[in-house]
Amino acid sequence: MRPAAARMIVFGAAGATRRLIGIAAGIALGTGMLLLLLGAFMHMPDRDARAGWMTARGEFREFNDNDELVLPTPAREDVLVRVSADYLRGKAFERISIATTPDTTVEFPGGLEPLKAGEYYASPALMDLIERYPDDELAQRYGTFKGVLPDTVIKGPDQLVVMVAKDWDRMAADPNARVQTGFPDNGPRATSMVYRVILGVGAVALLVPVVLLVGTVSQLGAAARRERYATVRLIGTGRRTMANLAALEMGVAALVGGIGGIGMTALLRPLAARLPIAGTRSFQADLTAPMTAAVLAIAMLVVLSAGIAWWRSFRDDVGALGAVRERAEKKVSWRRVTLLALGLALFSSSAFIASRGWGDEGTLVLGLVFGFAAITFGIVIAGSWITKVVSSAFARRARSGYSLVAAGRLSRHPRATFRSVAGVVVAVFIVSVLAGVASSINSFVSSRDEPGLLPLNAVSADVEEWSDPVAMVAAAEAIEGVSDVIAVRIGPDAADSVITADEARILGIPDLPDSEWVAVDFYMMLSADMWSQKPDSPRASAPPVGDDVRYVVAVTDGKASTIDRVRTALSVTGDMTFAPVTRPEFGSAATLDITHQLAVLSYIGMAIAVGVSAISLTVATVSAALDRKRTFGLLRLSGMPVRDLRRTIAVEAAMPLGVTLVASAGLGFLVAYVMVLTLGHDLYLTWPDARYWWALIGSVAIAALAVSGSFGMVRRSTEMTSTRFE
């Protein structure tokens with residue numbers, strides 16, 4: 001075909017140029033987001049490796065036959081490490097306590113100078129907080145500032161972490177400290193595996209609606225140019241030539257959009273870097289995909305777009321003018337569920353292997369991501385067979401004129417009818433997966449005071465063997481805003497924690513026995529939120545035999561500044577291993593706010609999936625109306641009202657949507673359950689929050705708006721003049 005003729009066919013209709021520009025713009029936005037996800041996916045291991053030194057991988061202390069701690073022998077090549085949480089304004093961050101010998105040969109991370117006891121390094125973000133808040137709220141906890149941790153040893157610009165050096169003998173007496181030869185040069189990558197899977201799932205969640213959008217836009221272009229295509233076929237142009245023309249059109253649009261996507265990535269990267277991943281924002285370099293990977297991704301998108309357009313155009317087989325336009329599709333069979341079944345098998349087996357700690361991490365991540373992709377695309381392929389099965393049953397019960405027309409269309413064209421709603425069905429599946437994962441991210445903290453639990457304004461500190469509880473109590477009492485300080489003692493039975501009845505009333509403990517001293521379940525009073533349990537009822541107790549103290553509790557006025565001053569005073573005075581905490585802080589200590597960021601990413605992915613599917617459904621509905629304007633026009637000439645034609649379109653959309661929506665939501669939660677069980681680290685699936693239900697309502701509303709938006713097209717395309725031309 002000559003270039004001039006090709007240009008006439010492609011650009012001959014009004015709005016053709018605008019449509020191609022819109023396709024390129026949409027692909028540019030999708031490519032930009034896809035490259036960001038690809039960059040994050042590829043750099044997750046490097047990001048985690050930078051922070052590898054923050055993990056303790058040595059051996060725990062050993063005990064001899066007399067249950068006495070065996071102290072490690074000081075060695076130049078060894079370092080004692082203890083990783084724990086610290087808090088400021090209720091936010092948890094990491095504190096790495098270390099000890100080395102004076103003549104140590106240990107290489108510190110980032111080429112830093114070895115620390116001496118009483119010195120510390122802090123990340124830039126933590127240094128900003130140290131400079132912002134008074135010394136008695138934060139800085140006094142650590143000693144003498146030695147320097148700032150460089151970017152090469154932290155995950156992101158706002159990561160809060162401090163390395164504090166202590167005396168060797170003091171650290172050696174800590175049974176939870178580990179002795180190891182140097183610092184690890186890579187992280188455990190458990191967190192990275194979780195987030196690489198999530199990012200891979202996010203990339204698929206974005207790619208599938210974009211692929212569906214390209215397919216439906218290609219179908220819309222073919223429907224809009226059907227007369228011109230038929231005219232060209234009339235003069236002898238073959239199917240393959242027309243398919244090549246459609247592929248060239250979509251391929252060029254995808255190429256322009258892909259190149260524009262590189263520029264879109266540069267615009268979106270600063271914003272994307274502000275989204276927290278694993279508890280911290282990212283450096284922009286961590287979101288930058290290598291140029292080779294970017295070129296391959298764009299090439300894949302171009303090939304995929306051109307291939308879809310070619311296949312759709314080739315299968316469409318537009319005949320000459322005057323021919324019957326609508327031909328039944330090839331028969332669909334149960335074999336269309338094969339990809340879905342294979343995807344479930346690959347995803348489940350990869351998840352099982354990962355949960356057992358077997359195999360290579362990179363291979364397992366790819367198995368999970370490709371398994372999820374196969375499930376997602378499998379839903380699209382299997383949907384037409386499900387539509388065929390249900391439509392056959394529907395056709396036997398149809399009675400009205402519009403339902404009979406709809407049933408005939410569903411039976412003859414299950415692929416096309418399901419394809420029009422596939423974007424929404426896939427979006428509901430993706431939303432269910434992400435919402436299911438997000439539902440497992442539970443805040444373990446109760447935000448209100450409850451009888452029997454530690455008051456929210458109370459700060460609790462463990463008393464270590466080397467701590468002076470008398471000095472700790474005095475230090476807390478000296479803080480303005482502290483009303484009471486309680487020393488929780490060890491009872492006559494060493495397993496009991498005892499306080500006086502008056503102290504129990506201060507802590508709000510109900511149902512006290514008639515006794516001067518009571519035994520309380522203090523640990524559960526502090527940790528009940530995390531374990532979803534209640535402490536045991538208080539019991540009468542004999543007075544403590546000695547002065548041994550297990551906890552020091554300071555009841556404050558609840559102000560954040562007071563709580564942090566008390567925390568600093570108790571930490572310094574007691575030389576604390578565990579930072580003093582409030583009940584809400586203790587409840588969330590296990591997560592360090594990392595898993596809460598997963599919920600944010602999940603709902604961002606939900607918004608993207610629903611938004612892209614809305615565009616896809618709108619385009620597909622308009623395309624279907626254009627594709628059948630001749631049939632609709634003849635039906636209208638035969639006396640069928642326009643409202644029945646509209647009902648026909650509504651039924652054709654509602655039938656496959658209603659049948660597959662519940663199934664896709666259930667499948668989504670099944671996949672989410674497997675992900676949480678495999679990667680969740682003691683998380684569990686619960687009912688999703690209100691955002692999920694709003695997303696479902698939004699998806700159904702978008703589907704209704706998209707279908708109703710085509711009603712005007714039905715009226716215009718079935719006017720007498722249009723039908724006469726047909």
# chains A, B, ... in the order shown; residues from 1 in each chain; ligands from 1
>>> residues_around(residues="A:Val566", least_positions_apart="5", cutoff="9 Å", atoms="only C-alpha atoms", output="PyMOL selection string")
chain A and resi 136-137+459+475-477+479+482+554+556+561+571+580
>>> write_last_selection(atoms="C-alpha atoms", output="PDB file, in the first residue's frame")
ATOM      1  CA  ASP A 136      16.727  16.558  77.389  1.00  0.00           C
ATOM      2  CA  GLU A 137      14.167  15.106  74.989  1.00  0.00           C
ATOM      3  CA  VAL A 459       5.965   5.460  80.488  1.00  0.00           C
ATOM      4  CA  ALA A 475      15.139  11.135  87.835  1.00  0.00           C
ATOM      5  CA  ALA A 476      11.554  10.600  86.710  1.00  0.00           C
ATOM      6  CA  GLU A 477      10.095  12.419  89.708  1.00  0.00           C
ATOM      7  CA  ILE A 479      10.545  15.874  85.453  1.00  0.00           C
ATOM      8  CA  VAL A 482       5.108  13.691  86.108  1.00  0.00           C
ATOM      9  CA  ALA A 554       6.101   7.205  85.358  1.00  0.00           C
ATOM     10  CA  THR A 556       2.773  11.863  83.019  1.00  0.00           C
ATOM     11  CA  SER A 561       7.414  16.561  75.329  1.00  0.00           C
ATOM     12  CA  SER A 571      17.339   5.802  79.517  1.00  0.00           C
ATOM     13  CA  PRO A 580      11.226   3.187  77.888  1.00  0.00           C
TER      14      PRO A 580
END
>>> select_by_dssp(residues="stretch 373-478 of chain A", states="helix (DSSP H, G or I)", output="JSON, numbers by chain")
{"A": [373, 374, 375, 376, 377, 378, 379, 380, 381, 382, 383, 384, 385, 386, 387, 388, 389, 390, 391, 392, 393, 394, 395, 396, 397, 401, 402, 403, 404, 405, 406, 407, 408, 409, 410, 411, 412, 414, 415, 416, 417, 418, 419, 420, 421, 422, 423, 424, 425, 426, 427, 428, 429, 430, 431, 432, 433, 434, 435, 436, 437, 438, 439, 469, 470, 471, 472, 473, 474, 475, 476, 477]}
>>> residues_around(residues="A:Gly263", least_positions_apart="3", cutoff="12 Å", atoms="only C-alpha atoms", output="VMD selection string")
chain A and resid 25 28 to 33 35 to 36 256 to 260 266 to 269 294
>>> write_last_selection(atoms="C-alpha atoms", output="PDB file, in the first residue's frame")
ATOM      1  CA  ALA A  25      -0.323  10.471  26.005  1.00  0.00           C
ATOM      2  CA  ALA A  28       3.424   7.908  28.056  1.00  0.00           C
ATOM      3  CA  LEU A  29       1.830   8.176  31.503  1.00  0.00           C
ATOM      4  CA  GLY A  30       1.599   4.402  31.864  1.00  0.00           C
ATOM      5  CA  THR A  31       5.189   3.938  30.682  1.00  0.00           C
ATOM      6  CA  GLY A  32       6.440   6.572  33.096  1.00  0.00           C
ATOM      7  CA  MET A  33       4.823   4.835  36.061  1.00  0.00           C
ATOM      8  CA  LEU A  35       9.573   2.562  34.572  1.00  0.00           C
ATOM      9  CA  LEU A  36       9.390   3.930  38.123  1.00  0.00           C
ATOM     10  CA  VAL A 256       5.991   7.959  20.731  1.00  0.00           C
ATOM     11  CA  GLY A 257       4.238   7.336  24.030  1.00  0.00           C
ATOM     12  CA  GLY A 258       7.102   5.166  25.281  1.00  0.00           C
ATOM     13  CA  ILE A 259       9.701   7.814  24.471  1.00  0.00           C
ATOM     14  CA  GLY A 260       7.496  10.401  26.125  1.00  0.00           C
ATOM     15  CA  ALA A 266      11.772  12.231  35.104  1.00  0.00           C
ATOM     16  CA  LEU A 267       8.780  14.387  36.078  1.00  0.00           C
ATOM     17  CA  LEU A 268       7.192  11.771  38.323  1.00  0.00           C
ATOM     18  CA  ARG A 269      10.390  10.529  40.000  1.00  0.00           C
ATOM     19  CA  ALA A 294      14.003   1.035  30.048  1.00  0.00           C
TER      20      ALA A 294
END
>>> atom_distance(atom1="atom CA of A:Met472", atom2="atom CA of A:Val572")
8.8 Å
>>> closest_residue(among="A:Leu453, A:Ile697, A:Val425, A:Leu248", to="A:Ala653", atoms="only C-alpha atoms")
A:Val425
>>> closest_residue(among="A:Val201, A:Ala139, A:Leu126, A:Ala341", to="A:Phe93", atoms="only C-alpha atoms")
A:Leu126
>>> closest_residue(among="A:Ile375, A:Ile353, A:Ala172, A:Val642", to="A:Val70", atoms="only C-alpha atoms")
A:Ala172
>>> residues_around(residues="A:Pro535", least_positions_apart="5", cutoff="12 Å", atoms="only C-alpha atoms", output="ChimeraX atom specification")
/A:450-454,509-510,519-529
>>> write_last_selection(atoms="N, CA, C and O atoms", output="PDB file, in the first residue's frame")
ATOM      1  N   GLU A 450      -8.174   1.894  78.750  1.00  0.00           N
ATOM      2  CA  GLU A 450      -9.085   0.814  79.097  1.00  0.00           C
ATOM      3  C   GLU A 450      -8.739   0.311  80.490  1.00  0.00           C
ATOM      4  O   GLU A 450      -7.555   0.181  80.833  1.00  0.00           O
ATOM      5  N   PRO A 451      -9.745   0.010  81.296  1.00  0.00           N
ATOM      6  CA  PRO A 451      -9.470  -0.488  82.647  1.00  0.00           C
ATOM      7  C   PRO A 451      -8.628  -1.757  82.605  1.00  0.00           C
ATOM      8  O   PRO A 451      -8.887  -2.660  81.821  1.00  0.00           O
ATOM      9  N   GLY A 452      -7.618  -1.781  83.432  1.00  0.00           N
ATOM     10  CA  GLY A 452      -6.759  -2.955  83.505  1.00  0.00           C
ATOM     11  C   GLY A 452      -5.530  -2.873  82.633  1.00  0.00           C
ATOM     12  O   GLY A 452      -4.593  -3.643  82.835  1.00  0.00           O
ATOM     13  N   LEU A 453      -5.507  -1.950  81.652  1.00  0.00           N
ATOM     14  CA  LEU A 453      -4.338  -1.771  80.807  1.00  0.00           C
ATOM     15  C   LEU A 453      -3.562  -0.547  81.266  1.00  0.00           C
ATOM     16  O   LEU A 453      -4.107   0.349  81.927  1.00  0.00           O
ATOM     17  N   LEU A 454      -2.293  -0.508  80.917  1.00  0.00           N
ATOM     18  CA  LEU A 454      -1.456   0.613  81.310  1.00  0.00           C
ATOM     19  C   LEU A 454      -2.010   1.902  80.696  1.00  0.00           C
ATOM     20  O   LEU A 454      -2.320   1.935  79.501  1.00  0.00           O
ATOM     21  N   ILE A 509      -6.325   0.040  87.737  1.00  0.00           N
ATOM     22  CA  ILE A 509      -6.597  -1.400  87.728  1.00  0.00           C
ATOM     23  C   ILE A 509      -7.886  -1.671  88.498  1.00  0.00           C
ATOM     24  O   ILE A 509      -8.004  -1.296  89.671  1.00  0.00           O
ATOM     25  N   PRO A 510      -8.893  -2.303  87.893  1.00  0.00           N
ATOM     26  CA  PRO A 510     -10.173  -2.549  88.581  1.00  0.00           C
ATOM     27  C   PRO A 510     -10.155  -3.847  89.380  1.00  0.00           C
ATOM     28  O   PRO A 510      -9.214  -4.634  89.303  1.00  0.00           O
ATOM     29  N   ALA A 519      -0.631  -8.641  93.292  1.00  0.00           N
ATOM     30  CA  ALA A 519       0.171  -9.137  92.166  1.00  0.00           C
ATOM     31  C   ALA A 519      -0.583  -8.827  90.872  1.00  0.00           C
ATOM     32  O   ALA A 519      -1.772  -9.142  90.751  1.00  0.00           O
ATOM     33  N   VAL A 520       0.104  -8.198  89.942  1.00  0.00           N
ATOM     34  CA  VAL A 520      -0.529  -7.776  88.689  1.00  0.00           C
ATOM     35  C   VAL A 520       0.213  -8.397  87.505  1.00  0.00           C
ATOM     36  O   VAL A 520       1.404  -8.701  87.585  1.00  0.00           O
ATOM     37  N   ASP A 521      -0.524  -8.568  86.417  1.00  0.00           N
ATOM     38  CA  ASP A 521       0.060  -9.077  85.175  1.00  0.00           C
ATOM     39  C   ASP A 521       0.574  -7.873  84.381  1.00  0.00           C
ATOM     40  O   ASP A 521      -0.021  -7.448  83.387  1.00  0.00           O
ATOM     41  N   PHE A 522       1.710  -7.329  84.836  1.00  0.00           N
ATOM     42  CA  PHE A 522       2.147  -6.043  84.294  1.00  0.00           C
ATOM     43  C   PHE A 522       2.555  -6.150  82.829  1.00  0.00           C
ATOM     44  O   PHE A 522       2.296  -5.237  82.033  1.00  0.00           O
ATOM     45  N   TYR A 523       3.179  -7.249  82.454  1.00  0.00           N
ATOM     46  CA  TYR A 523       3.601  -7.369  81.051  1.00  0.00           C
ATOM     47  C   TYR A 523       2.395  -7.322  80.124  1.00  0.00           C
ATOM     48  O   TYR A 523       2.424  -6.654  79.083  1.00  0.00           O
ATOM     49  N   MET A 524       1.311  -8.001  80.495  1.00  0.00           N
ATOM     50  CA  MET A 524       0.124  -7.969  79.651  1.00  0.00           C
ATOM     51  C   MET A 524      -0.576  -6.617  79.735  1.00  0.00           C
ATOM     52  O   MET A 524      -1.246  -6.207  78.781  1.00  0.00           O
ATOM     53  N   MET A 525      -0.437  -5.918  80.832  1.00  0.00           N
ATOM     54  CA  MET A 525      -0.970  -4.560  80.901  1.00  0.00           C
ATOM     55  C   MET A 525      -0.308  -3.668  79.855  1.00  0.00           C
ATOM     56  O   MET A 525      -0.927  -2.753  79.307  1.00  0.00           O
ATOM     57  N   LEU A 526       0.958  -3.943  79.571  1.00  0.00           N
ATOM     58  CA  LEU A 526       1.703  -3.152  78.594  1.00  0.00           C
ATOM     59  C   LEU A 526       1.505  -3.669  77.178  1.00  0.00           C
ATOM     60  O   LEU A 526       1.407  -2.886  76.225  1.00  0.00           O
ATOM     61  N   SER A 527       1.404  -4.992  77.005  1.00  0.00           N
ATOM     62  CA  SER A 527       1.454  -5.589  75.663  1.00  0.00           C
ATOM     63  C   SER A 527       0.130  -6.165  75.202  1.00  0.00           C
ATOM     64  O   SER A 527       0.082  -6.793  74.138  1.00  0.00           O
ATOM     65  N   ALA A 528      -0.957  -5.951  75.934  1.00  0.00           N
ATOM     66  CA  ALA A 528      -2.227  -6.584  75.573  1.00  0.00           C
ATOM     67  C   ALA A 528      -2.684  -6.202  74.175  1.00  0.00           C
ATOM     68  O   ALA A 528      -3.292  -7.003  73.460  1.00  0.00           O
ATOM     69  N   ASP A 529      -2.419  -4.959  73.759  1.00  0.00           N
ATOM     70  CA  ASP A 529      -2.835  -4.532  72.422  1.00  0.00           C
ATOM     71  C   ASP A 529      -2.198  -5.396  71.344  1.00  0.00           C
ATOM     72  O   ASP A 529      -2.827  -5.747  70.345  1.00  0.00           O
TER      73      ASP A 529
END
>>> residues_around(residues="A:Ala374", least_positions_apart="5", cutoff="10 Å", atoms="only C-alpha atoms", output="PyMOL selection string")
chain A and resi 204+338-347+368-369+379-380
>>> residues_around(residues="A:Gly200", least_positions_apart="5", cutoff="8 Å", atoms="only C-alpha atoms", output="PDB file with N, CA, C and O atoms, in the first residue's frame")
ATOM      1  N   LEU A  37       8.249   1.864  38.693  1.00  0.00           N
ATOM      2  CA  LEU A  37       8.116   0.589  39.398  1.00  0.00           C
ATOM      3  C   LEU A  37       9.247  -0.361  39.039  1.00  0.00           C
ATOM      4  O   LEU A  37       9.758  -1.095  39.894  1.00  0.00           O
ATOM      5  N   LEU A  38       9.655  -0.350  37.775  1.00  0.00           N
ATOM      6  CA  LEU A  38      10.756  -1.213  37.352  1.00  0.00           C
ATOM      7  C   LEU A  38      12.054  -0.812  38.050  1.00  0.00           C
ATOM      8  O   LEU A  38      12.819  -1.671  38.513  1.00  0.00           O
ATOM      9  N   PHE A  41      11.849  -1.904  41.634  1.00  0.00           N
ATOM     10  CA  PHE A  41      11.957  -3.361  41.711  1.00  0.00           C
ATOM     11  C   PHE A  41      13.411  -3.807  41.598  1.00  0.00           C
ATOM     12  O   PHE A  41      13.879  -4.675  42.348  1.00  0.00           O
ATOM     13  N   VAL A 369       5.789 -13.055  40.950  1.00  0.00           N
ATOM     14  CA  VAL A 369       5.329 -11.977  40.066  1.00  0.00           C
ATOM     15  C   VAL A 369       4.760 -12.547  38.771  1.00  0.00           C
ATOM     16  O   VAL A 369       3.674 -12.153  38.322  1.00  0.00           O
TER      17      VAL A 369
END
>>> select_by_dssp(residues="stretch 429-581 of chain A", states="strand (DSSP E)", output="number ranges by chain")
A: 458-462, 482-490, 497-500, 517-520, 539-541, 549-556
>>> write_last_selection(atoms="N, CA and C atoms", output="short mmCIF file (atom, residue, chain, number, x, y, z; two decimals), in the first residue's frame")
data_model
loop_
_atom_site.label_atom_id
_atom_site.label_comp_id
_atom_site.auth_asym_id
_atom_site.auth_seq_id
_atom_site.Cartn_x
_atom_site.Cartn_y
_atom_site.Cartn_z
N ALA A 458 1.33 6.77 80.57
CA ALA A 458 2.35 6.19 81.45
C ALA A 458 3.52 5.68 80.63
N VAL A 459 4.74 5.91 81.13
CA VAL A 459 5.97 5.46 80.49
C VAL A 459 6.56 4.34 81.34
N SER A 460 6.80 3.19 80.71
CA SER A 460 7.33 2.04 81.43
C SER A 460 8.77 1.77 81.00
N ALA A 461 9.62 1.46 81.99
CA ALA A 461 11.02 1.14 81.71
C ALA A 461 11.39 -0.16 82.41
N ASP A 462 12.00 -1.09 81.65
CA ASP A 462 12.55 -2.29 82.26
C ASP A 462 13.77 -1.91 83.10
N VAL A 482 5.24 15.05 85.59
CA VAL A 482 5.11 13.69 86.11
C VAL A 482 4.36 13.75 87.42
N SER A 483 3.25 13.04 87.51
CA SER A 483 2.43 13.07 88.73
C SER A 483 2.78 11.96 89.70
N ASP A 484 3.12 10.77 89.18
CA ASP A 484 3.44 9.63 90.03
C ASP A 484 4.52 8.79 89.37
N VAL A 485 5.36 8.19 90.20
CA VAL A 485 6.35 7.23 89.73
C VAL A 485 6.21 5.98 90.58
N ILE A 486 6.03 4.84 89.93
CA ILE A 486 5.75 3.59 90.62
C ILE A 486 6.86 2.59 90.31
N ALA A 487 7.40 1.97 91.35
CA ALA A 487 8.38 0.90 91.19
C ALA A 487 7.66 -0.44 91.31
N VAL A 488 7.58 -1.17 90.24
CA VAL A 488 6.93 -2.48 90.23
C VAL A 488 7.97 -3.50 90.69
N ARG A 489 7.70 -4.11 91.85
CA ARG A 489 8.70 -4.97 92.49
C ARG A 489 8.49 -6.44 92.15
N ILE A 490 9.50 -7.23 92.45
CA ILE A 490 9.43 -8.68 92.30
C ILE A 490 8.85 -9.25 93.58
N SER A 497 4.77 -9.81 89.72
CA SER A 497 5.08 -8.38 89.79
C SER A 497 4.07 -7.76 90.75
N VAL A 498 4.56 -7.11 91.79
CA VAL A 498 3.65 -6.63 92.84
C VAL A 498 3.79 -5.13 93.01
N ILE A 499 2.66 -4.50 93.35
CA ILE A 499 2.59 -3.08 93.68
C ILE A 499 1.60 -2.93 94.82
N THR A 500 1.57 -1.76 95.42
CA THR A 500 0.60 -1.54 96.49
C THR A 500 -0.78 -1.30 95.89
N TRP A 517 -0.94 -5.32 99.31
CA TRP A 517 -0.11 -5.59 98.13
C TRP A 517 -0.89 -6.48 97.17
N VAL A 518 -0.73 -6.20 95.88
CA VAL A 518 -1.42 -7.00 94.87
C VAL A 518 -0.42 -7.42 93.80
N ALA A 519 -0.63 -8.64 93.29
CA ALA A 519 0.17 -9.14 92.17
C ALA A 519 -0.58 -8.83 90.87
N VAL A 520 0.10 -8.20 89.94
CA VAL A 520 -0.53 -7.78 88.69
C VAL A 520 0.21 -8.40 87.50
N ARG A 539 -4.30 -10.20 92.02
CA ARG A 539 -4.44 -11.14 93.12
C ARG A 539 -3.79 -10.55 94.37
N ALA A 540 -4.28 -10.97 95.51
CA ALA A 540 -3.66 -10.56 96.76
C ALA A 540 -2.27 -11.16 96.85
N SER A 541 -1.33 -10.41 97.43
CA SER A 541 0.05 -10.87 97.51
C SER A 541 0.66 -10.45 98.84
N VAL A 549 13.51 -4.45 91.87
CA VAL A 549 12.50 -3.77 91.06
C VAL A 549 12.56 -4.32 89.63
N ARG A 550 11.38 -4.60 89.07
CA ARG A 550 11.30 -5.14 87.71
C ARG A 550 11.01 -4.03 86.69
N TYR A 551 10.14 -3.10 87.03
CA TYR A 551 9.79 -1.99 86.13
C TYR A 551 9.71 -0.69 86.93
N VAL A 552 9.99 0.40 86.25
CA VAL A 552 9.72 1.74 86.78
C VAL A 552 8.71 2.39 85.85
N VAL A 553 7.60 2.86 86.40
CA VAL A 553 6.51 3.43 85.61
C VAL A 553 6.29 4.87 86.05
N ALA A 554 6.34 5.79 85.08
CA ALA A 554 6.10 7.21 85.36
C ALA A 554 4.78 7.61 84.72
N VAL A 555 3.86 8.13 85.52
CA VAL A 555 2.58 8.62 85.02
C VAL A 555 2.72 10.11 84.73
N THR A 556 2.52 10.49 83.46
CA THR A 556 2.77 11.86 83.02
C THR A 556 1.47 12.60 82.75
#
>>> closest_residue(among="A:Val421, A:Pro157, A:Leu670, A:Asp185", to="A:Thr280", atoms="only C-alpha atoms")
A:Pro157
>>> atom_distance(atom1="atom CA of A:Val424", atom2="atom CA of A:Phe377")
13.1 Å
>>> atom_distance(atom1="atom CA of A:Val162", atom2="atom CA of A:Asp78")
19.9 Å
>>> closest_residue(among="A:Met264, A:Leu112, A:Val473, A:Ala297", to="A:Leu570", atoms="only C-alpha atoms")
A:Val473
